[in-house]
file coords21.tsv (TSV, C-alpha atoms)
chain	number	residue	atom	x	y	z
A	105	MET	CA	0.00	0.00	0.00
A	106	ASP	CA	1.17	3.53	-0.79
A	107	THR	CA	1.88	5.05	2.62
A	108	VAL	CA	3.05	8.61	3.29
A	109	ALA	CA	4.58	9.46	6.65
A	110	ILE	CA	4.36	13.17	7.43
A	111	LEU	CA	6.76	14.11	10.20
A	112	GLY	CA	5.71	17.30	11.94
A	113	ALA	CA	2.13	18.18	12.88
A	114	GLY	CA	2.36	21.94	12.68
A	115	ALA	CA	0.26	23.99	10.28
A	116	TRP	CA	2.01	22.85	7.12
A	117	GLY	CA	2.25	19.17	8.04
A	118	THR	CA	-1.43	19.14	8.97
A	119	ALA	CA	-2.41	20.92	5.76
A	120	LEU	CA	-0.41	18.47	3.63
A	121	ALA	CA	-2.08	15.55	5.38
A	122	ILE	CA	-5.56	17.01	4.79
A	123	HIS	CA	-4.74	17.72	1.15
A	124	LEU	CA	-3.35	14.24	0.47
A	125	ALA	CA	-6.41	12.67	2.07
A	126	ARG	CA	-8.69	14.21	-0.54
A	127	THR	CA	-6.59	13.43	-3.64
A	128	HIS	CA	-7.97	10.97	-6.18
A	129	SER	CA	-5.54	8.16	-5.26
A	130	ALA	CA	-5.16	9.05	-1.60
A	131	PRO	CA	-2.40	7.09	0.15
A	132	ALA	CA	-2.48	5.85	3.70
A	133	ILE	CA	-1.42	8.88	5.74
A	134	ARG	CA	0.35	8.90	9.08
A	135	LEU	CA	0.88	12.26	10.75
A	136	TRP	CA	3.60	12.19	13.41
A	137	ALA	CA	4.26	14.66	16.21
A	138	ARG	CA	6.92	14.32	18.88
A	139	ASP	CA	4.61	15.67	21.61
A	140	ALA	CA	2.27	12.95	22.88
A	141	ALA	CA	-0.04	15.55	24.42
A	142	GLN	CA	-0.43	17.26	21.06
A	143	VAL	CA	-1.18	13.92	19.41
A	144	ALA	CA	-3.83	13.18	22.02
A	145	ALA	CA	-5.44	16.59	21.41
A	146	LEU	CA	-5.39	16.06	17.64
A	147	GLY	CA	-6.92	12.63	17.99
A	148	ALA	CA	-9.68	13.84	20.32
A	149	ALA	CA	-10.66	16.98	18.41
A	150	ARG	CA	-9.75	15.71	14.92
A	151	GLU	CA	-8.53	19.25	14.41
A	152	ASN	CA	-5.21	21.01	14.95
A	153	GLU	CA	-6.63	23.66	17.25
A	154	ARG	CA	-3.22	25.16	18.01
A	155	TYR	CA	-1.66	25.47	14.56
A	156	LEU	CA	-4.51	25.15	12.06
A	157	PRO	CA	-7.86	25.80	13.77
A	158	GLY	CA	-11.00	25.17	11.80
A	159	ALA	CA	-9.53	22.54	9.47
A	160	ALA	CA	-11.00	19.10	10.20
A	161	LEU	CA	-8.76	16.05	9.95
A	162	PRO	CA	-10.32	13.40	7.68
A	163	PRO	CA	-10.86	10.06	9.48
A	164	THR	CA	-8.32	8.34	7.20
A	165	ILE	CA	-5.39	10.28	8.73
A	166	VAL	CA	-3.68	8.35	11.51
A	167	VAL	CA	-2.08	10.64	14.10
A	168	THR	CA	0.69	9.19	16.23
A	169	ALA	CA	3.59	10.04	18.53
A	170	ASP	CA	5.24	6.69	17.77
A	171	LEU	CA	7.87	7.36	15.11
A	172	GLN	CA	8.36	3.69	14.32
A	173	ALA	CA	4.63	3.22	13.79
A	174	ALA	CA	4.54	6.30	11.56
A	175	LEU	CA	7.39	5.07	9.38
A	176	ALA	CA	6.67	1.34	9.21
A	177	GLY	CA	5.97	0.46	5.57
A	178	ALA	CA	6.20	4.09	4.42
A	179	THR	CA	6.83	4.61	0.71
A	180	LEU	CA	7.46	8.35	1.11
A	181	ILE	CA	8.64	10.47	4.02
A	182	LEU	CA	7.61	14.14	4.11
A	183	VAL	CA	9.30	16.25	6.78
A	184	ALA	CA	7.12	19.25	7.58
A	185	THR	CA	9.09	20.66	10.50
A	186	PRO	CA	10.85	24.04	10.36
A	187	ALA	CA	14.13	23.84	8.46
A	188	GLY	CA	16.15	24.18	11.64
A	189	ALA	CA	14.78	20.86	12.92
A	190	LEU	CA	15.33	18.90	9.71
A	191	ARG	CA	18.73	17.52	10.60
A	192	ASP	CA	17.53	16.21	13.96
A	193	VAL	CA	14.45	14.58	12.42
A	194	VAL	CA	16.56	12.95	9.71
A	195	ALA	CA	18.87	11.53	12.37
A	196	LEU	CA	15.86	9.82	13.95
A	197	THR	CA	14.83	8.22	10.66
A	198	ARG	CA	18.14	6.61	9.59
A	199	ARG	CA	16.66	3.10	9.67
A	200	TRP	CA	14.29	4.08	6.86
A	201	ASP	CA	16.88	5.65	4.53
A	202	ALA	CA	15.82	3.44	1.62
A	203	VAL	CA	12.62	5.54	1.39
A	204	PRO	CA	12.56	8.85	-0.55
A	205	LEU	CA	12.77	11.82	1.81
A	206	PHE	CA	11.27	15.23	0.99
A	207	TRP	CA	10.92	18.31	3.17
A	208	ALA	CA	8.71	21.38	3.17
A	209	GLY	CA	10.67	23.65	5.52
A	210	LYS	CA	12.23	26.76	4.02
A	211	GLY	CA	15.61	27.77	5.36
A	212	PHE	CA	19.17	26.66	5.81
A	213	ILE	CA	20.43	23.95	8.13
A	214	ALA	CA	23.47	23.66	10.34
A	215	MET	CA	26.51	21.82	9.02
A	216	ASP	CA	29.78	20.88	10.65
A	217	ALA	CA	32.08	22.30	7.97
A	218	ALA	CA	32.55	25.98	7.16
A	219	PRO	CA	30.62	28.23	6.81
A	220	GLY	CA	28.47	26.38	9.36
A	221	VAL	CA	25.21	26.50	7.38
A	222	GLY	CA	24.23	24.92	4.10
A	223	LEU	CA	21.46	23.88	1.75
A	224	ALA	CA	19.48	20.93	3.05
A	225	HIS	CA	20.00	18.68	0.04
A	226	ARG	CA	23.77	19.13	0.25
A	227	VAL	CA	23.88	18.32	3.95
A	228	VAL	CA	21.26	15.56	4.13
A	229	GLY	CA	21.51	14.07	0.63
A	230	PRO	CA	25.00	12.52	0.73
A	231	ALA	CA	24.11	10.43	3.79
A	232	TRP	CA	20.64	9.37	2.54
A	233	PRO	CA	20.80	6.57	-0.07
A	234	ALA	CA	17.28	7.15	-1.44
A	235	PRO	CA	16.36	10.32	-3.35
A	236	VAL	CA	15.84	13.54	-1.40
A	237	GLY	CA	13.97	16.65	-2.39
A	238	VAL	CA	12.06	19.77	-1.45
A	239	ILE	CA	8.49	21.07	-1.78
A	240	SER	CA	8.37	24.84	-2.12
A	241	GLY	CA	6.35	27.68	-3.57
A	242	PRO	CA	3.57	30.13	-2.59
A	243	SER	CA	1.48	27.98	-0.28
A	244	PHE	CA	-0.10	29.24	2.93
A	245	ALA	CA	-1.08	26.19	4.97
A	246	GLU	CA	-4.53	27.55	5.82
A	247	GLU	CA	-5.46	27.93	2.16
A	248	VAL	CA	-4.12	24.50	1.22
A	249	ALA	CA	-6.17	22.92	4.01
A	250	ARG	CA	-9.29	24.72	2.72
A	251	GLY	CA	-8.71	23.40	-0.79
A	252	LEU	CA	-8.11	26.81	-2.33
A	253	PRO	CA	-6.12	26.92	-5.61
A	254	THR	CA	-2.39	26.48	-4.97
A	255	ALA	CA	0.69	25.76	-7.08
A	256	VAL	CA	4.06	24.53	-5.83
A	257	THR	CA	7.42	23.39	-7.17
A	258	ILE	CA	9.02	20.01	-6.47
A	259	ALA	CA	12.77	19.52	-6.91
A	260	ALA	CA	14.85	16.48	-6.04
A	261	SER	CA	18.18	14.75	-6.39
A	262	ASP	CA	16.45	12.36	-8.81
A	263	PRO	CA	14.07	13.72	-11.50
A	264	ASN	CA	11.90	10.61	-11.38
A	265	ALA	CA	11.43	10.98	-7.64
A	266	ALA	CA	10.44	14.63	-8.10
A	267	GLU	CA	7.82	13.69	-10.68
A	268	ASN	CA	6.54	10.87	-8.46
A	269	VAL	CA	5.97	13.23	-5.54
A	270	ALA	CA	4.41	15.84	-7.83
A	271	GLN	CA	1.93	13.24	-9.11
A	272	ARG	CA	0.97	12.27	-5.55
A	273	LEU	CA	0.35	15.89	-4.60
A	274	ARG	CA	-1.63	16.95	-7.64
A	275	GLY	CA	-5.32	17.46	-7.07
A	276	GLU	CA	-8.30	19.37	-8.40
A	277	THR	CA	-7.09	22.66	-6.89
A	278	PHE	CA	-3.45	21.80	-6.28
A	279	ARG	CA	-0.88	22.02	-9.06
A	280	ALA	CA	2.62	20.63	-8.57
A	281	TYR	CA	5.36	21.49	-11.05
A	282	VAL	CA	8.77	19.83	-11.28
A	283	SER	CA	12.11	21.65	-11.31
A	284	ASP	CA	15.58	20.26	-11.97
A	285	ASP	CA	17.19	23.05	-9.93
A	286	ILE	CA	17.04	21.97	-6.30
A	287	THR	CA	19.62	24.63	-5.37
A	288	GLY	CA	17.57	27.49	-6.76
A	289	VAL	CA	14.35	26.16	-5.24
A	290	GLU	CA	15.91	25.90	-1.78
A	291	VAL	CA	17.57	29.33	-1.98
A	292	GLY	CA	14.37	31.02	-3.13
A	293	GLY	CA	12.35	29.46	-0.32
A	294	ALA	CA	14.85	30.41	2.36
A	295	VAL	CA	15.70	33.99	1.40
A	296	LYS	CA	12.13	35.12	0.72
A	297	ASN	CA	11.38	34.80	4.44
A	298	VAL	CA	14.09	37.34	5.26
A	299	LEU	CA	12.79	39.71	2.60
A	300	ALA	CA	9.25	39.38	3.96
A	301	ILE	CA	10.47	40.76	7.30
A	302	ALA	CA	11.85	43.77	5.41
A	303	ALA	CA	8.57	44.23	3.51
A	304	GLY	CA	6.54	44.05	6.72
A	305	ALA	CA	8.74	46.63	8.40
A	306	SER	CA	8.49	48.93	5.39
A	307	ASP	CA	4.71	48.70	5.36
A	308	GLY	CA	4.54	49.21	9.11
A	309	LEU	CA	6.57	52.37	8.79
A	310	GLY	CA	4.15	53.69	6.18
A	311	PHE	CA	6.62	53.77	3.30
A	312	GLY	CA	3.95	52.76	0.81
A	313	HIS	CA	3.45	50.43	-2.10
A	314	ASN	CA	6.32	51.82	-4.17
A	315	ALA	CA	8.80	50.97	-1.44
A	316	ARG	CA	7.39	47.48	-1.03
A	317	ALA	CA	7.63	46.84	-4.78
A	318	ALA	CA	11.22	48.06	-4.77
A	319	LEU	CA	12.09	45.77	-1.85
A	320	ILE	CA	10.56	42.77	-3.59
A	321	THR	CA	12.32	43.48	-6.87
A	322	ARG	CA	15.73	44.31	-5.44
A	323	GLY	CA	15.37	41.45	-2.97
A	324	LEU	CA	14.81	39.11	-5.89
A	325	ALA	CA	17.98	40.47	-7.48
A	326	GLU	CA	20.13	39.72	-4.45
A	327	THR	CA	18.52	36.29	-4.10
A	328	GLY	CA	19.49	35.64	-7.72
A	329	ARG	CA	23.10	36.60	-7.10
A	330	PHE	CA	23.22	34.33	-4.09
A	331	SER	CA	21.64	31.40	-5.93
A	332	ALA	CA	23.96	31.81	-8.91
A	333	ALA	CA	27.00	31.76	-6.62
A	334	LEU	CA	25.78	28.38	-5.34
A	335	GLY	CA	25.17	27.01	-8.83
A	336	GLY	CA	21.43	27.70	-9.11
A	337	LYS	CA	19.70	28.61	-12.35
A	338	ARG	CA	18.56	32.14	-13.09
A	339	GLU	CA	15.12	31.16	-14.35
A	340	THR	CA	14.21	29.29	-11.17
A	341	LEU	CA	13.95	32.56	-9.25
A	342	MET	CA	11.37	33.80	-11.78
A	343	GLY	CA	9.08	30.87	-10.96
A	344	LEU	CA	6.92	29.66	-8.10
A	345	ALA	CA	9.78	28.94	-5.71
A	346	GLY	CA	11.25	32.37	-6.32
A	347	LEU	CA	9.06	35.29	-7.39
A	348	GLY	CA	5.80	33.51	-6.59
A	349	ASP	CA	6.70	32.69	-3.01
A	350	LEU	CA	8.40	36.04	-2.51
A	351	VAL	CA	5.34	38.04	-3.57
A	352	LEU	CA	3.02	35.95	-1.41
A	353	THR	CA	5.17	36.17	1.71
A	354	CYS	CA	5.84	39.88	1.34
A	355	THR	CA	2.22	40.85	0.77
A	356	GLY	CA	-0.02	38.20	2.33
A	357	ASP	CA	-1.48	38.89	5.77
A	358	LEU	CA	-1.07	35.21	6.72
A	359	SER	CA	2.72	35.55	6.40
A	360	ARG	CA	4.41	35.10	9.79
A	361	ASN	CA	7.59	36.75	8.61
A	362	ARG	CA	5.73	39.78	7.30
A	363	ARG	CA	4.00	40.02	10.70
A	364	VAL	CA	7.38	40.01	12.42
A	365	GLY	CA	8.42	42.98	10.28
A	366	LEU	CA	5.20	44.84	11.00
A	367	ALA	CA	5.70	44.37	14.74
A	368	LEU	CA	9.36	45.43	14.57
A	369	SER	CA	8.29	48.67	12.91
A	370	GLN	CA	6.29	49.43	16.07
A	371	GLY	CA	9.43	49.21	18.17
A	372	ARG	CA	8.47	45.95	19.86
A	373	PRO	CA	11.27	43.63	21.07
A	374	LEU	CA	11.89	40.53	18.98
A	375	ALA	CA	11.46	38.08	21.88
A	376	ALA	CA	7.99	39.42	22.64
A	377	ILE	CA	7.01	39.32	18.96
A	378	LEU	CA	8.01	35.68	18.58
A	379	ALA	CA	6.34	34.66	21.83
A	380	GLU	CA	3.06	36.21	20.73
A	381	LEU	CA	3.31	34.75	17.22
A	382	GLY	CA	3.06	31.20	18.56
A	383	HIS	CA	4.60	29.82	15.36
A	384	ILE	CA	8.17	29.78	14.07
A	385	ALA	CA	9.02	32.59	11.67
A	386	GLU	CA	11.81	31.00	9.65
A	387	GLY	CA	13.11	34.33	8.37
A	388	VAL	CA	14.54	35.17	11.79
A	389	ALA	CA	17.06	32.32	11.72
A	390	ALA	CA	17.49	32.62	7.96
A	391	ALA	CA	18.63	36.25	8.29
A	392	ARG	CA	21.56	35.10	10.40
A	393	ASP	CA	22.32	32.18	8.10
A	394	VAL	CA	22.15	34.29	4.93
A	395	ARG	CA	24.64	36.75	6.38
A	396	VAL	CA	27.13	34.00	7.19
A	397	PHE	CA	26.60	32.10	3.95
A	398	SER	CA	26.61	35.10	1.58
A	399	ARG	CA	29.74	36.57	3.15
A	400	SER	CA	31.54	33.27	2.72
A	401	LEU	CA	30.70	33.48	-0.99
A	402	GLY	CA	31.46	37.19	-1.35
A	403	VAL	CA	27.88	37.99	-2.40
A	404	ASP	CA	26.48	41.43	-1.57
A	405	MET	CA	22.97	41.16	-0.04
A	406	PRO	CA	22.18	44.62	1.40
A	407	ILE	CA	18.48	44.07	2.17
A	408	CYS	CA	19.10	40.79	3.98
A	409	ASP	CA	22.00	42.38	5.80
A	410	ALA	CA	19.77	45.24	6.94
A	411	VAL	CA	17.24	42.73	8.28
A	412	TYR	CA	20.03	40.97	10.17
A	413	ARG	CA	21.10	44.25	11.79
A	414	VAL	CA	17.52	45.01	12.86
A	415	LEU	CA	17.05	41.53	14.34
A	416	TYR	CA	20.43	40.96	15.95
A	417	GLU	CA	22.06	44.37	16.41
A	418	SER	CA	18.99	46.35	17.51
A	419	LEU	CA	19.19	48.72	14.55
A	420	PRO	CA	15.89	50.64	14.37
A	421	PRO	CA	13.98	49.66	11.20
A	422	ARG	CA	13.71	53.28	10.06
A	423	LEU	CA	17.49	53.69	10.21
A	424	ALA	CA	17.91	50.42	8.32
A	425	VAL	CA	15.75	51.74	5.49
A	426	GLU	CA	17.62	55.04	5.49
A	427	ALA	CA	20.89	53.14	5.20
A	428	LEU	CA	19.56	51.24	2.20
A	429	LEU	CA	18.39	54.46	0.55
A	430	GLY	CA	21.78	56.00	1.18
A	431	ARG	CA	23.59	53.37	-0.87
A	432	GLU	CA	24.96	54.56	-4.19
A	433	PRO	CA	22.85	52.99	-6.98
A	434	GLY	CA	24.71	50.90	-9.54
A	435	PRO	CA	23.59	49.05	-12.68
A	436	GLU	CA	20.20	47.42	-12.21
A	437	PHE	CA	21.31	44.11	-13.67
A	438	GLN	CA	24.54	42.58	-12.48
A	439	GLY	CA	25.22	39.15	-13.91
A	440	SER	CA	22.51	36.86	-12.56
A	441	LEU	CA	19.50	39.16	-12.21

call {"tool": "encode", "arguments": {"input": "coords21.tsv", "output": "structure tokens"}}
result
Amino acid sequence: MDTVAILGAGAWGTALAIHLARTHSAPAIRLWARDAAQVAALGAARENERYLPGAALPPTIVVTADLQAALAGATLILVATPAGALRDVVALTRRWDAVPLFWAGKGFIAMDAAPGVGLAHRVVGPAWPAPVGVISGPSFAEEVARGLPTAVTIAASDPNAAENVAQRLRGETFRAYVSDDITGVEVGGAVKNVLAIAAGASDGLGFGHNARAALITRGLAETGRFSAALGGKRETLMGLAGLGDLVLTCTGDLSRNRRVGLALSQGRPLAAILAELGHIAEGVAAARDVRVFSRSLGVDMPICDAVYRVLYESLPPRLAVEALLGREPGPEFQGSL
């Protein structure tokens, strides 16, 4: 039997489970969470009241805190934890490394070698015999769970595995495209969260639509330079995993990272913002990782650097914007974008 194990019962893991349950050839679905209390609550309410309230879990979804039970007989493993937890979750699943492993988190992960952070497929892939890959694109969990039209990109170390996962995910309102550029897809998904913090701060400061459009466009340009330095393709950043996800996260009110930026513009401390958010905003960690990674490559990323200074050096958002405006403009297109 086709069995999908979804590891991580946050908003995105829950939404993926709900979506898969209503596809034409729905697999057996096991949704795993580490917290037994959360699993008990999910099982009793048949709803993820904490992370995705209002979205009912179909009866075919098995919720469990037993990792072995979740993975037994699985034909596909989907990791739906934040990117920062991916390496730990993978370590727990080593016994099942003959099964394709895909993840939906967007960010970088820690690595032992310099510069200390890397792309997930380059850190996880070499030690995982089966194909690995990523699901990315403009996809708010709440809208996926409701069955609203959504399109994503699937990229993997093996093209056949990418197509296989895309076929499983496709549904009446869910389109899944395949990309052969896993580097570009991962970079686009990670950096857009940092840029969404910048867009939220800009909007919160009342800088208007022109400023937001400029941030999105110039942010896309620095993402392109970064991706190209890592071997990514230019056109990937013009697709769903690049421009599509960037626009959604910078403008959509459901965006956690945009909400972080809005709150920062009000002068609120980061710790209080994150505590109130109740979810992980992956752009906060990604801002730090982008700074380390881009500097190791010699790539100039002024918007991401400004976000880092606001988050970690207490630079007031207004001064960060003024610093960006004070930069001497150069050619609009420099190599990659």

call {"tool": "atom_distance", "arguments": {"input": "coords21.tsv", "atom1": "CA of Ser400 (chain A)", "atom2": "CA of Gly288 (chain A)"}}
result
17.8 Å

call {"tool": "closest_residue", "arguments": {"input": "coords21.tsv", "among": "A:Leu429, A:Leu273, A:Ala208, A:Val291", "to": "Leu319 (chain A)", "atoms": "all atoms listed in the file"}}
result
A:Leu429

call {"tool": "residues_near_point", "arguments": {"input": "coords21.tsv", "point": "(7.4, 43.6, 13.0)", "cutoff": "10 Å", "atoms": "only C-alpha atoms", "output": "VMD selection string"}}
result
chain A and resid 301 to 309 360 to 374 377 to 378 415 421

call {"tool": "atom_distance", "arguments": {"input": "coords21.tsv", "atom1": "CA of Gly114 (chain A)", "atom2": "CA of Val394 (chain A)"}}
result
24.6 Å

call {"tool": "residues_near_point", "arguments": {"input": "coords21.tsv", "point": "(-8.1, 24.1, -4.7)", "cutoff": "8 Å", "atoms": "only C-alpha atoms", "output": "PyMOL selection string"}}
result
chain A and resi 248+250-254+275-278

call {"tool": "residues_around", "arguments": {"input": "coords21.tsv", "residues": "region 344-355 of chain A", "least_positions_apart": "3", "cutoff": "7 Å", "atoms": "all atoms listed in the file", "output": "list in words"}}
result
Ser240, Gly241, Pro242, Val256, Thr257, Val289, Gly292, Gly293, Lys296, Asn297, Ala300, Ala303, Gly304, Thr340, Leu341, Ser359 and Arg362 of chain A

call {"tool": "residues_around", "arguments": {"input": "coords21.tsv", "residues": "Arg395 (chain A)", "least_positions_apart": "3", "cutoff": "8 Å", "atoms": "only C-alpha atoms", "output": "compact mmCIF listing (two decimals) with C-alpha atoms, keeping the file's coordinate frame"}}
result
# COMPACT_ATOMS: atom_id res chain seq x y z
CA ALA A 391 18.63 36.25 8.29
CA ARG A 392 21.56 35.10 10.40
CA SER A 398 26.61 35.10 1.58
CA ARG A 399 29.74 36.57 3.15
CA MET A 405 22.97 41.16 -0.04
CA CYS A 408 19.10 40.79 3.98
CA ASP A 409 22.00 42.38 5.80
CA TYR A 412 20.03 40.97 10.17

call {"tool": "residues_around", "arguments": {"input": "coords21.tsv", "residues": "Val282 (chain A)", "least_positions_apart": "6", "cutoff": "10 Å", "atoms": "only C-alpha atoms", "output": "PyMOL selection string"}}
result
chain A and resi 239+256-260+263-271

call {"tool": "residues_around", "arguments": {"input": "coords21.tsv", "residues": "Gln142 (chain A)", "least_positions_apart": "5", "cutoff": "12 Å", "atoms": "all atoms listed in the file", "output": "VMD selection string"}}
result
chain A and resid 112 to 114 135 to 137 147 to 155 167 to 169
